[in-house]
Amino acid sequence: MAVDYEEREFPAEVRCRLDPDRPADYLRVADQLNRAAFDVVSLQHEFGIYGGQDGERVLDLLDELEVPVVATLHTVLRHPSDQQRRILRRIVQRAARTVVLSRASAATLASAYDIDAARVEMIPHGVPALPFVDPLTVKPLVGLTGRPTVLSFGLLGPGKGYELAIRAMSTVVDQSPDACYVILGATHPELRRREGEAYRESLGEIVRALRLEDHVRFVDAYVDLPTLGRWIQAADVFVTSYPGAEQAVSGTLAYALGLGKAVVSMPYVYAEELLADGRGRLVPFGDSKALGVAIAHFLTDTASRDDAGRRAYAYGRTMTWQVVGQQYRDLFVRVAARSAASVRLARPGVEEPSVSRDREPTSLG
């Protein structure tokens with residue numbers, strides 16, 4: 001299921017589109033899914049994806065679906081509003097199974113939402129299975145030959161702490177004079193729709209005020225996976241500087257860890273989990289000086305950087321798409337089998353086809 005934020009081409013696999021702000025679309029899509037021969041619907045949930053207050057219209061879709069649902073929760077707030085708690089509880093109650101992407105999120109569902117842990121499974125955020133490479137061999141491909149490189153990537157917008165990371169570069173260049181901080185990603189389309197490029201321009205003003213024009217590079221573009229892989233492989237250090245502890249999951253952090261990057265991060269819950277056991281460094285929230293010192297340490301201490309990167313890469317083998325995909329496939333098979341068994345029990349005397357591990361369940365996600 002795809003959310004059409006902008007007019008763009010979709011691959012042939014996309015069967016229908018959902019306009020998040022059009023209530024009738026939720027009923028239309030549910031009807032399409034019910035009429036199709038799907039065994040499972042894979043629902044990806046973020047509060048900001050769906051329409052209504054805190055995305056409550058997703059409940060309209062769930063209430064109409066007759067196909068069993070596996071719901072993947074990308075954001076599990078530790079301190080939700082009453083409305084957010086109500087929505088997440090309804091999703092979990094309606095879904096056949098619920099997936100979270102971290103152990104911390106599973107614990108939060110139990111403590112903050114009073115959800116039975118038996119209804120929840122942890123499957124990590126997937127990452128591409130790319131080789132561990134020396135950044136020096138890739139830097140020429142992205143125009144960074146000879147530059148110690150720090151990277152952040154993702155849709156540009158407030159709330160990711162880019163201001164802090166830019167200020168940290170003043171400390172970094174004192175220790176690594178040729179260092180370059182690359183901020184890769186286009187402005188979030190909703191932010192650009194509301195404010196244009198005002199946020200990116202404000203970051204540029206910070207760069208100029210600190211005289212870091214030679215040390216901060218903006219790459220304003222959506223990039224495909226091979227291009228993104230090259231940028232990550234070219235980086236020596238990855239930085240994630242979310243300003244608040246509520247960040248339940250970060251796909252960018254998962255990718256960087258999966259490709260064996262030395263990571264410096266604020267200590268939000270997902271970073272604490274992924275960067276344990278020497279897989280990266282955590283610095284206090286809001287402390288640009290400490291952030292700069294930690295980045296400079298990795299840039300100037302090759303042994304420390306390589307050790308963190310190799311630990312990260314080894315851990316990332318448990319998160320590759322092949323591993324994660326198999327876990328989802330096994331879950332879909334179990335859910336489809338239970339659904340088929342329920343139908344047989346509800347309709348005695350009617351022979352229903354069984355679902356076995358030899359049959360791929362059909363899902364729409």
# chains A, B, ... in the order shown; residues from 1 in each chain; ligands from 1
$ residues_around --residues "segment 74-85 of chain A" --least-positions-apart "6" --cutoff "9 Å" --atoms "only C-alpha atoms" --output "list in words"
Gln44, His45, Glu46, Phe47, Gln53, Asp54, Gly55, Glu56, Val99, Val100, Leu101, Ser105, Ala106, Thr108, Leu109, Ser111, Ala112, Tyr113, Glu246, Gln247, Ala248, Val249 and Ser250 of chain A
$ write_last_selection --atoms "C-alpha atoms" --output "tab-separated table (two decimals), in the first residue's frame"
chain	number	residue	atom	x	y	z
A	44	GLN	CA	3.24	-0.29	8.31
A	45	HIS	CA	2.35	2.22	11.00
A	46	GLU	CA	3.67	5.67	11.84
A	47	PHE	CA	1.46	8.30	13.48
A	53	GLN	CA	-5.66	13.35	14.54
A	54	ASP	CA	-2.52	11.26	15.19
A	55	GLY	CA	-3.39	9.21	12.10
A	56	GLU	CA	-6.60	7.81	13.58
A	99	VAL	CA	5.80	-6.44	15.05
A	100	VAL	CA	8.15	-3.96	16.70
A	101	LEU	CA	11.67	-3.16	15.54
A	105	SER	CA	9.68	-0.88	21.82
A	106	ALA	CA	8.38	-4.27	22.93
A	108	THR	CA	7.25	0.02	26.05
A	109	LEU	CA	4.12	-1.60	24.62
A	111	SER	CA	4.57	-0.81	30.25
A	112	ALA	CA	2.98	2.26	28.62
A	113	TYR	CA	0.14	0.64	26.63
A	246	GLU	CA	11.67	9.26	22.36
A	247	GLN	CA	13.17	8.20	19.01
A	248	ALA	CA	12.04	4.56	18.99
A	249	VAL	CA	13.66	3.52	15.70
A	250	SER	CA	15.99	5.09	13.16
$ select_by_dssp --residues "segment 54-263 of chain A" --states "alpha helix (DSSP H)" --output "ChimeraX atom specification"
/A:58-64,82-94,103-113,162-175,189-195,198-209,225-234,251-258
$ residues_around --residues "Gly251 of chain A" --least-positions-apart "3" --cutoff "12 Å" --atoms "only C-alpha atoms" --output "MDAnalysis selection string"
chainID A and resid 74:75 101:102 124:128 152:155 240 247:248 254:258 270:271 274 319
$ select_by_dssp --residues "segment 28-252 of chain A" --states "strand (DSSP E)" --output "tab-separated table (two decimals) with C-alpha atoms, in the first residue's frame"
chain	number	residue	atom	x	y	z
A	40	VAL	CA	-2.22	-11.36	4.84
A	41	VAL	CA	-2.09	-7.56	4.89
A	42	SER	CA	1.19	-6.10	6.17
A	43	LEU	CA	0.37	-2.72	7.71
A	44	GLN	CA	3.24	-0.29	8.31
A	45	HIS	CA	2.35	2.22	11.00
A	69	VAL	CA	-3.32	-8.11	9.44
A	70	VAL	CA	0.29	-8.06	10.60
A	71	ALA	CA	0.98	-4.57	11.91
A	72	THR	CA	4.54	-3.24	12.08
A	73	LEU	CA	4.89	-0.33	14.52
A	97	ARG	CA	0.18	-10.16	15.15
A	98	THR	CA	2.12	-7.00	15.89
A	99	VAL	CA	5.80	-6.44	15.05
A	100	VAL	CA	8.15	-3.96	16.70
A	120	VAL	CA	4.10	-8.88	19.97
A	121	GLU	CA	7.13	-10.05	18.00
A	122	MET	CA	10.46	-8.27	17.55
A	149	THR	CA	34.06	12.14	5.99
A	150	VAL	CA	31.15	12.42	8.40
A	151	LEU	CA	27.68	11.54	7.11
A	152	SER	CA	24.03	12.02	8.03
A	153	PHE	CA	21.24	11.13	5.60
A	180	CYS	CA	33.79	17.18	5.60
A	181	TYR	CA	30.27	16.68	6.97
A	182	VAL	CA	27.83	15.52	4.30
A	183	ILE	CA	24.08	15.98	4.84
A	184	LEU	CA	22.44	13.80	2.21
A	216	VAL	CA	29.73	21.06	5.34
A	217	ARG	CA	28.23	19.78	2.10
A	218	PHE	CA	24.52	19.53	1.37
A	219	VAL	CA	23.42	16.95	-1.19
A	237	VAL	CA	31.79	8.24	10.70
A	238	PHE	CA	28.01	8.34	10.76
A	239	VAL	CA	26.18	10.83	12.99
A	240	THR	CA	22.63	10.72	14.26
$ atom_distance --atom1 "atom CA of Ala186 of chain A" --atom2 "atom CA of Gly204 of chain A"
14.3 Å
$ residues_around --residues "Leu27 of chain A" --least-positions-apart "3" --cutoff "9 Å" --atoms "only C-alpha atoms" --output "PDB file with N, CA and C atoms, in the first residue's frame"
ATOM      1  N   PRO A  23     -11.219  10.400   3.558  1.00  0.00           N
ATOM      2  CA  PRO A  23     -11.801   9.316   4.365  1.00  0.00           C
ATOM      3  C   PRO A  23     -12.338   8.157   3.537  1.00  0.00           C
ATOM      4  N   ALA A  24     -12.953   8.451   2.398  1.00  0.00           N
ATOM      5  CA  ALA A  24     -13.534   7.378   1.600  1.00  0.00           C
ATOM      6  C   ALA A  24     -12.480   6.414   1.066  1.00  0.00           C
ATOM      7  N   ALA A  30      -9.818  -0.892   1.689  1.00  0.00           N
ATOM      8  CA  ALA A  30     -10.200  -2.098   2.439  1.00  0.00           C
ATOM      9  C   ALA A  30     -11.041  -3.025   1.578  1.00  0.00           C
ATOM     10  N   ASP A  31     -11.966  -2.457   0.805  1.00  0.00           N
ATOM     11  CA  ASP A  31     -12.815  -3.276  -0.066  1.00  0.00           C
ATOM     12  C   ASP A  31     -11.988  -3.967  -1.141  1.00  0.00           C
ATOM     13  N   GLN A  32     -11.005  -3.245  -1.713  1.00  0.00           N
ATOM     14  CA  GLN A  32     -10.136  -3.846  -2.724  1.00  0.00           C
ATOM     15  C   GLN A  32      -9.346  -5.014  -2.137  1.00  0.00           C
ATOM     16  N   ASP A  60     -10.137   3.161  10.490  1.00  0.00           N
ATOM     17  CA  ASP A  60     -11.224   2.918   9.536  1.00  0.00           C
ATOM     18  C   ASP A  60     -10.855   1.778   8.588  1.00  0.00           C
ATOM     19  N   LEU A  61      -9.599   1.773   8.157  1.00  0.00           N
ATOM     20  CA  LEU A  61      -9.118   0.707   7.280  1.00  0.00           C
ATOM     21  C   LEU A  61      -9.153  -0.629   8.008  1.00  0.00           C
ATOM     22  N   GLU A  64     -12.574  -2.309   8.576  1.00  0.00           N
ATOM     23  CA  GLU A  64     -13.249  -2.857   7.387  1.00  0.00           C
ATOM     24  C   GLU A  64     -12.549  -4.076   6.816  1.00  0.00           C
ATOM     25  N   LEU A  65     -11.292  -4.306   7.198  1.00  0.00           N
ATOM     26  CA  LEU A  65     -10.541  -5.415   6.609  1.00  0.00           C
ATOM     27  C   LEU A  65     -11.019  -6.754   7.137  1.00  0.00           C
TER      28      LEU A  65
END
$ closest_residue --among "A:Asp287, A:Arg17, A:Pro68, A:Gly280" --to "Val335 of chain A" --atoms "only C-alpha atoms"
A:Pro68
$ closest_residue --among "A:Leu191, A:Ala262, A:Ala290, A:Val133" --to "Gly159 of chain A" --atoms "only C-alpha atoms"
A:Leu191
